[in-house]
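S.K.: So I've got this file, upload.cif, and it contains mmCIF, C-alpha atoms and all ligand atoms:
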```
data_target
#
loop_
_atom_site.label_atom_id
_atom_site.label_comp_id
_atom_site.auth_asym_id
_atom_site.auth_seq_id
_atom_site.Cartn_x
_atom_site.Cartn_y
_atom_site.Cartn_z
CA MET A 54 19.41 -63.25 63.66
CA ILE A 55 19.94 -61.04 66.69
CA SER A 56 19.31 -57.48 65.64
CA THR A 57 19.20 -55.34 68.79
CA GLY A 58 21.25 -54.85 71.91
CA LYS A 59 18.16 -55.49 74.00
CA GLU A 60 17.63 -58.88 72.39
CA LEU A 61 21.30 -59.74 72.85
CA LEU A 62 21.26 -58.87 76.55
CA LYS A 63 18.05 -60.84 77.06
CA LEU A 64 19.59 -63.96 75.53
CA CYS A 65 22.78 -63.57 77.59
CA LYS A 66 20.68 -63.30 80.74
CA GLU A 67 18.29 -66.16 79.95
CA GLN A 68 21.06 -68.55 78.95
CA ASN A 69 23.63 -67.23 81.42
CA LYS A 70 26.12 -66.83 78.59
CA LYS A 71 28.68 -64.29 77.47
CA ILE A 72 28.07 -62.18 74.35
CA SER A 73 30.76 -64.16 72.51
CA GLU A 74 28.97 -67.44 73.22
CA ILE A 75 25.63 -66.14 71.98
CA ALA A 76 27.33 -64.54 68.95
CA PHE A 77 29.13 -67.78 68.13
CA GLU A 78 25.87 -69.72 67.92
CA ASP A 79 24.05 -66.91 66.11
CA GLN A 80 26.83 -66.47 63.54
CA THR A 81 27.18 -70.16 62.66
CA LYS A 82 23.42 -70.40 62.22
CA GLU A 83 23.28 -67.25 60.12
CA MET A 84 26.21 -68.25 57.90
CA LYS A 85 25.18 -71.92 57.83
CA ILE A 86 28.72 -73.06 58.61
CA SER A 87 30.22 -75.29 61.28
CA LYS A 88 31.74 -73.89 64.45
CA GLN A 89 35.12 -75.16 63.32
CA LYS A 90 34.85 -73.30 60.02
CA LEU A 91 33.88 -70.06 61.77
CA LEU A 92 36.84 -70.41 64.14
CA GLU A 93 39.18 -70.86 61.19
CA MET A 94 37.79 -67.73 59.54
CA LEU A 95 38.15 -65.73 62.75
CA LYS A 96 41.70 -66.96 63.19
CA GLU A 97 42.67 -65.79 59.71
CA THR A 98 40.88 -62.47 60.30
CA TYR A 99 42.71 -61.83 63.55
CA SER A 100 46.08 -62.69 62.10
CA VAL A 101 45.60 -60.12 59.30
CA MET A 102 44.45 -57.56 61.86
CA LYS A 103 47.43 -58.12 64.10
CA ALA A 104 49.88 -57.91 61.23
CA SER A 105 48.35 -54.66 59.99
CA ALA A 106 48.62 -53.10 63.46
CA SER A 107 52.37 -53.56 63.43
CA ASP A 108 53.16 -53.70 59.73
CA VAL A 109 54.20 -50.13 58.99
CA ILE A 110 55.80 -49.82 62.40
CA THR A 111 58.25 -52.55 61.58
CA ASN A 112 58.47 -52.29 57.78
CA ASP A 113 58.95 -49.40 55.42
CA LYS A 114 55.93 -49.00 53.22
CA ILE A 115 55.32 -46.31 50.70
CA ASN A 116 51.98 -44.68 50.59
CA PRO A 117 51.10 -44.01 46.94
CA TYR A 118 49.66 -40.57 47.66
CA LYS A 119 52.28 -39.60 50.27
CA ILE A 120 49.80 -37.72 52.45
CA THR A 121 50.16 -39.57 55.71
CA GLY A 122 52.75 -42.33 55.38
CA GLY A 123 55.37 -42.63 58.12
CA ASN A 124 53.34 -41.24 61.01
CA ALA A 125 52.79 -44.58 62.76
CA LYS A 126 56.52 -45.06 62.95
CA LYS A 127 57.05 -41.49 64.14
CA ILE A 128 54.54 -41.99 66.96
CA LEU A 129 56.14 -45.28 67.99
CA ARG A 130 59.59 -43.67 68.12
CA TYR A 131 58.15 -40.89 70.26
CA ALA A 132 56.53 -43.45 72.57
CA GLN A 133 59.84 -45.19 72.97
CA SER A 134 61.63 -41.93 73.76
CA GLY A 135 59.92 -41.90 77.15
CA LYS A 136 58.93 -38.24 76.70
CA SER A 137 55.25 -38.71 75.86
CA ILE A 138 52.50 -37.23 77.99
CA LEU A 139 50.37 -40.37 78.09
CA GLY A 140 53.26 -42.74 78.61
CA LYS A 141 54.93 -45.29 76.39
CA SER A 142 52.25 -47.96 76.53
CA ILE A 143 49.26 -45.81 75.58
CA VAL A 144 51.15 -43.95 72.88
CA THR A 145 52.17 -47.29 71.40
CA ALA A 146 48.45 -48.11 71.09
CA ILE A 147 47.96 -44.88 69.11
CA ALA A 148 50.78 -45.93 66.77
CA ARG A 149 49.03 -49.26 66.23
CA GLY A 150 45.78 -47.51 65.28
CA PHE A 151 47.73 -45.44 62.75
CA SER A 152 49.54 -48.48 61.43
CA THR A 153 46.52 -50.21 59.87
CA SER A 154 45.37 -46.90 58.38
CA GLU A 155 48.73 -46.53 56.68
CA VAL A 156 48.69 -50.12 55.47
CA ASN A 157 45.27 -49.39 53.98
CA ALA A 158 46.45 -46.17 52.33
CA GLY A 159 49.41 -48.10 50.93
CA MET A 160 47.06 -50.69 49.41
CA GLY A 161 48.23 -53.35 51.85
CA LYS A 162 46.16 -56.12 53.38
CA ILE A 163 43.70 -55.10 56.08
CA VAL A 164 40.40 -56.32 57.50
CA ALA A 165 37.80 -53.67 56.72
CA ALA A 166 36.05 -53.96 60.06
CA PRO A 167 33.56 -52.45 59.82
CA THR A 168 34.99 -50.49 56.85
CA ALA A 169 38.44 -49.62 55.53
CA GLY A 170 38.23 -46.10 56.99
CA GLY A 171 37.97 -47.26 60.59
CA ALA A 172 39.97 -50.44 60.10
CA GLY A 173 42.79 -49.47 62.46
CA ILE A 174 40.75 -49.29 65.63
CA ILE A 175 39.92 -52.95 66.31
CA PRO A 176 43.43 -54.21 65.45
CA GLY A 177 45.09 -51.38 67.39
CA SER A 178 43.08 -51.72 70.57
CA LEU A 179 42.63 -55.50 70.63
CA SER A 180 46.28 -56.29 69.91
CA TRP A 181 47.28 -53.81 72.62
CA VAL A 182 44.91 -55.44 75.14
CA GLN A 183 46.17 -58.89 74.15
CA GLU A 184 49.74 -57.88 74.86
CA ARG A 185 48.88 -56.11 78.11
CA TYR A 186 47.01 -59.11 79.55
CA GLY A 187 48.87 -61.91 77.80
CA PHE A 188 45.72 -63.30 76.19
CA SER A 189 46.15 -66.14 73.70
CA ASP A 190 45.14 -65.73 70.05
CA GLU A 191 42.27 -68.19 70.73
CA LYS A 192 40.96 -65.95 73.51
CA MET A 193 41.07 -62.95 71.16
CA LEU A 194 38.67 -64.74 68.81
CA GLU A 195 36.03 -64.38 71.53
CA GLY A 196 36.64 -60.64 71.32
CA LEU A 197 36.15 -60.71 67.57
CA LEU A 198 32.83 -62.49 68.01
CA VAL A 199 31.69 -59.69 70.30
CA SER A 200 32.94 -57.05 67.85
CA GLY A 201 31.12 -58.78 65.02
CA ILE A 202 27.73 -58.88 66.64
CA ILE A 203 27.98 -55.28 67.84
CA GLY A 204 28.92 -54.16 64.33
CA ARG A 205 26.03 -56.09 62.87
CA ILE A 206 23.54 -54.51 65.28
CA ILE A 207 24.84 -51.04 64.37
CA ALA A 208 24.73 -51.82 60.62
CA THR A 209 21.20 -53.22 60.92
CA ASN A 210 19.73 -50.29 62.83
CA SER A 211 21.92 -47.44 61.68
CA THR A 212 24.87 -47.30 59.30
CA ILE A 213 28.58 -48.02 59.24
CA ALA A 214 29.29 -45.94 56.12
CA GLY A 215 30.89 -42.52 56.29
CA ALA A 216 29.14 -41.61 53.05
CA GLU A 217 25.82 -42.16 54.77
CA GLY A 218 26.33 -41.23 58.41
CA GLY A 219 29.67 -39.42 58.68
CA CYS A 220 32.77 -40.59 60.52
CA GLN A 221 30.73 -41.24 63.67
CA ALA A 222 29.37 -44.22 61.70
CA GLU A 223 32.74 -45.59 60.54
CA CYS A 224 35.21 -44.81 63.31
CA GLY A 225 32.39 -44.63 65.87
CA ALA A 226 31.16 -48.12 65.01
CA ALA A 227 34.71 -49.53 64.96
CA THR A 228 35.36 -48.08 68.41
CA ALA A 229 32.08 -49.46 69.76
CA MET A 230 32.96 -52.90 68.37
CA SER A 231 36.37 -52.75 70.05
CA ALA A 232 35.17 -51.49 73.40
CA ALA A 233 32.44 -54.14 73.73
CA ALA A 234 35.03 -56.83 73.00
CA ILE A 235 37.60 -55.43 75.42
CA VAL A 236 35.06 -55.29 78.25
CA GLU A 237 34.16 -58.95 77.81
CA LEU A 238 37.81 -60.00 77.46
CA CYS A 239 38.58 -58.16 80.69
CA GLY A 240 35.80 -59.87 82.62
CA GLY A 241 32.95 -57.36 82.30
CA THR A 242 29.29 -58.25 82.00
CA PRO A 243 27.31 -58.20 78.72
CA LYS A 244 25.59 -55.04 79.93
CA GLN A 245 28.95 -53.38 80.56
CA SER A 246 30.05 -54.32 77.02
CA LEU A 247 27.04 -52.54 75.58
CA THR A 248 27.57 -49.61 77.92
CA ALA A 249 31.15 -49.21 76.67
CA ALA A 250 29.91 -49.42 73.08
CA SER A 251 27.35 -46.69 73.82
CA PHE A 252 30.01 -44.46 75.38
CA THR A 253 32.31 -44.71 72.37
CA ILE A 254 29.56 -43.61 69.98
CA LEU A 255 28.56 -40.77 72.30
CA MET A 256 32.20 -39.63 72.36
CA VAL A 257 32.10 -38.97 68.60
CA LEU A 258 28.40 -38.36 67.95
CA GLY A 259 28.15 -35.92 65.05
CA LEU A 260 31.68 -36.53 63.80
CA VAL A 261 31.73 -35.68 60.11
CA CYS A 262 33.40 -37.48 57.23
CA ASP A 263 35.79 -35.10 55.49
CA PRO A 264 38.74 -36.93 53.97
CA VAL A 265 41.27 -34.68 52.26
CA ALA A 266 41.20 -35.22 48.49
CA GLY A 267 38.60 -37.93 49.10
CA LEU A 268 41.38 -40.30 50.13
CA VAL A 269 41.03 -42.36 53.28
CA GLU A 270 44.12 -40.92 54.92
CA PHE A 271 43.72 -37.55 56.64
CA PRO A 272 42.04 -37.03 59.10
CA CYS A 273 41.16 -40.75 58.97
CA ALA A 274 44.43 -41.99 60.47
CA LEU A 275 44.11 -39.50 63.34
CA ARG A 276 40.65 -40.80 64.08
CA ASN A 277 41.91 -44.37 64.05
CA GLY A 278 44.51 -43.36 66.61
CA SER A 279 41.99 -41.62 68.86
CA GLY A 280 39.41 -44.38 68.32
CA THR A 281 41.94 -46.94 69.54
CA ILE A 282 42.33 -44.95 72.75
CA ASN A 283 38.61 -44.15 73.08
CA ALA A 284 37.90 -47.89 73.05
CA LEU A 285 40.19 -48.30 76.06
CA VAL A 286 38.81 -45.22 77.83
CA ALA A 287 35.18 -46.30 77.35
CA SER A 288 36.00 -49.84 78.50
CA ASP A 289 37.54 -48.57 81.71
CA ILE A 290 34.61 -46.24 82.38
CA ALA A 291 32.10 -49.06 81.85
CA LEU A 292 34.13 -51.54 83.90
CA SER A 293 34.24 -49.02 86.76
CA GLY A 294 30.46 -49.39 87.01
CA VAL A 295 29.43 -46.12 85.34
CA GLU A 296 26.21 -46.72 83.43
CA SER A 297 24.84 -45.11 80.31
CA ILE A 298 21.53 -43.40 81.02
CA VAL A 299 20.73 -43.90 77.32
CA PRO A 300 20.79 -47.59 76.30
CA PHE A 301 22.87 -48.84 73.39
CA ASP A 302 19.96 -49.27 70.95
CA GLU A 303 18.85 -45.68 71.50
CA VAL A 304 22.42 -44.40 71.05
CA VAL A 305 22.63 -46.29 67.75
CA GLU A 306 19.34 -44.76 66.66
CA ALA A 307 20.56 -41.29 67.65
CA MET A 308 23.68 -41.83 65.58
CA TYR A 309 21.52 -42.67 62.59
CA GLU A 310 19.40 -39.55 63.09
CA VAL A 311 22.47 -37.35 63.40
CA GLY A 312 23.94 -38.96 60.26
CA ASN A 313 20.76 -38.20 58.34
CA ALA A 314 20.95 -34.59 59.47
CA LEU A 315 24.47 -34.14 58.15
CA PRO A 316 24.70 -32.25 54.87
CA GLU A 317 26.11 -34.00 51.83
CA THR A 318 29.28 -31.89 52.08
CA LEU A 319 30.16 -33.68 55.31
CA ARG A 320 29.56 -37.23 54.12
CA GLU A 321 32.68 -38.38 52.29
CA THR A 322 32.32 -35.99 49.37
CA ALA A 323 35.46 -34.03 50.29
CA LEU A 324 33.41 -30.85 49.86
CA GLY A 325 33.27 -29.74 53.47
CA GLY A 326 34.98 -29.84 56.84
CA CYS A 327 38.71 -30.35 56.83
CA ALA A 328 38.65 -31.46 53.18
CA ALA A 329 37.43 -28.01 52.11
CA CYS A 330 40.23 -26.09 53.83
CA PRO A 331 42.50 -24.18 51.40
CA SER A 332 45.54 -26.31 52.29
CA ALA A 333 43.55 -29.50 51.73
CA LYS A 334 42.33 -28.25 48.37
CA LYS A 335 45.92 -27.48 47.35
CA ILE A 336 46.88 -31.08 48.13
CA GLU A 337 43.88 -32.37 46.23
CA CYS A 338 44.81 -30.21 43.23
CA LYS A 339 48.34 -31.57 43.28
CA ILE A 340 47.21 -35.21 43.43
CA PHE A 341 44.28 -34.89 41.05
CA PRO A 342 45.08 -31.93 38.78
CA ASN A 343 42.09 -32.57 36.56
CA ARG A 344 39.51 -33.03 39.26
CA LEU A 345 39.12 -29.39 40.37
CA LYS A 346 39.12 -27.75 36.96
S1 LIG B 401 36.78 -39.29 57.71
FE1 LIG B 401 35.40 -40.45 56.38
S2 LIG B 401 36.73 -41.69 55.08
FE2 LIG B 401 37.93 -41.02 56.85
S3 LIG B 401 37.70 -42.66 58.38
FE3 LIG B 401 36.14 -41.15 58.81
S4 LIG B 401 34.35 -41.90 57.71
FE4 LIG B 401 36.11 -42.96 56.84
#
```
Turn this file's structure into structure tokens for me.

M.R.:
Amino acid sequence: MISTGKELLKLCKEQNKKISEIAFEDQTKEMKISKQKLLEMLKETYSVMKASASDVITNDKINPYKITGGNAKKILRYAQSGKSILGKSIVTAIARGFSTSEVNAGMGKIVAAPTAGGAGIIPGSLSWVQERYGFSDEKMLEGLLVSGIIGRIIATNSTIAGAEGGCQAECGAATAMSAAAIVELCGGTPKQSLTAASFTILMVLGLVCDPVAGLVEFPCALRNGSGTINALVASDIALSGVESIVPFDEVVEAMYEVGNALPETLRETALGGCAACPSAKKIECKIFPNRLK
């Protein structure tokens, strides 16, 4: 099993292969399944992801806790108005990041990659890239293979849980997984994929986990929206040739150290950060009247 970025890059170089090719072999070996079976699983995964990135934009769903529902649609409408600062296309990507978060909050079907909290980022950014470049669904599976191996390296050497490492670990990891995939899909080198992954983590290093009322909704959906865009930003920076002076493995290690240094109040306990604000506590009290007594 490949467990570091360094090892992954070495194999890509020695075998003159893309990350997705190395990951494909590694994953089938690890899971002891045929290549065909893995492809089928990836296909199903991507179809759920794609649906979740557009689900609440096109359908009316009710969020049981009514904290954040409806925002994906609002953002999409704004994008279509032509008045947005970033332009219709980019703002549509933000709406897609929100969409999966809202599907998750509404107990709909999502792929928790790497976790439910950051589940909007890969679907939002990859489906946007697919549409922009006209990639086939089959091609997108290569992206998922890259995302998968990057997520596994992060999980092996650090953490992907907000309760352990803060939101940098959940949304940060999801963004790294997306960016590495996007770079490969857009013709970048394996090193550039890892560079983009490093950049995305550095963009949110230290980001705390502070969900209001302990529900994965606010500020989670916001971070899925910004993570979707960060994946695109980091990919462009890496593809331009900018290098990370700190390699991916060291960035992952730094993320782990920072996560360990975070107090318990900022690790999914809803006791600190935004979750501890008076307005947030009022919402929590309304939803869970017995919890704060
Ligand atoms: S704030 Fe916490 S619960 Fe919400 S997405 Fe980030 S890590 Fe997950």

S.K.: Which chains and residue numbers are within 6 Å of ligand LIG 401 (chain B), counting all atoms listed in the file, if I want them as a tab-separated table (two decimals) with C-alpha atoms, in the coordinates of the input?

M.R.:
```tsv
chain	number	residue	atom	x	y	z
A	170	GLY	CA	38.23	-46.10	56.99
A	171	GLY	CA	37.97	-47.26	60.59
A	215	GLY	CA	30.89	-42.52	56.29
A	219	GLY	CA	29.67	-39.42	58.68
A	220	CYS	CA	32.77	-40.59	60.52
A	223	GLU	CA	32.74	-45.59	60.54
A	224	CYS	CA	35.21	-44.81	63.31
A	262	CYS	CA	33.40	-37.48	57.23
A	263	ASP	CA	35.79	-35.10	55.49
A	264	PRO	CA	38.74	-36.93	53.97
A	269	VAL	CA	41.03	-42.36	53.28
A	272	PRO	CA	42.04	-37.03	59.10
A	273	CYS	CA	41.16	-40.75	58.97
A	321	GLU	CA	32.68	-38.38	52.29
```

S.K.: Work out how far atom CA of Phe252 of chain A is from atom CA of Ser107 of chain A, in Å to one decimal.

M.R.: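 The value is 26.9 Å.
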
S.K.: Could you check the closest approach to Glu195 of chain A for each of A:Ser134, A:Ser178, A:Ser251, A:Ser73 and tell me which residue wins, using all atoms listed in the file?

M.R.: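 Residue with the minimum atom-to-atom distance to Glu195 of chain A: A:Ser73.
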
S.K.: Using only C-alpha atoms, which residues sit within 12 Å of Lys127 of chain A once same-chain residues fewer than 6 positions away are excluded, as a ChimeraX atom specification?

M.R.: /A:109-111,113,121,133-134,144-145,147-149,151-152

S.K.: Would you list the contacts of Ala166 of chain A as a compact mmCIF listing (two decimals) with C-alpha atoms, in the frame of the given file, taking every protein, DNA or RNA residue within 10 Å and counting all atoms listed in the file, but skipping same-chain residues closer than 5 positions in sequence?

M.R.:
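Saved to result-v9.txt:
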```txt
# COMPACT_ATOMS: atom_id res chain seq x y z
CA THR A 98 40.88 -62.47 60.30
CA MET A 102 44.45 -57.56 61.86
CA GLY A 171 37.97 -47.26 60.59
CA ALA A 172 39.97 -50.44 60.10
CA GLY A 173 42.79 -49.47 62.46
CA ILE A 174 40.75 -49.29 65.63
CA ILE A 175 39.92 -52.95 66.31
CA PRO A 176 43.43 -54.21 65.45
CA SER A 200 32.94 -57.05 67.85
CA GLY A 201 31.12 -58.78 65.02
CA GLY A 204 28.92 -54.16 64.33
CA ILE A 213 28.58 -48.02 59.24
CA GLU A 223 32.74 -45.59 60.54
CA CYS A 224 35.21 -44.81 63.31
CA ALA A 226 31.16 -48.12 65.01
CA ALA A 227 34.71 -49.53 64.96
CA MET A 230 32.96 -52.90 68.37
```

S.K.: One decimal, in Å: what's the spacing between atom CA of Ala274 of chain A and atom CA of Ser180 of chain A?

M.R.: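 Taking atom CA of Ala274 of chain A and atom CA of Ser180 of chain A, their separation equals 17.2 Å.
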
S.K.: Show me as a PyMOL selection string the residues that reach within 7 Å of (43.7, -43.4, 52.0), counting only C-alpha atoms and using the file's own coordinates.

M.R.: chain A and resi 157-158+268-270
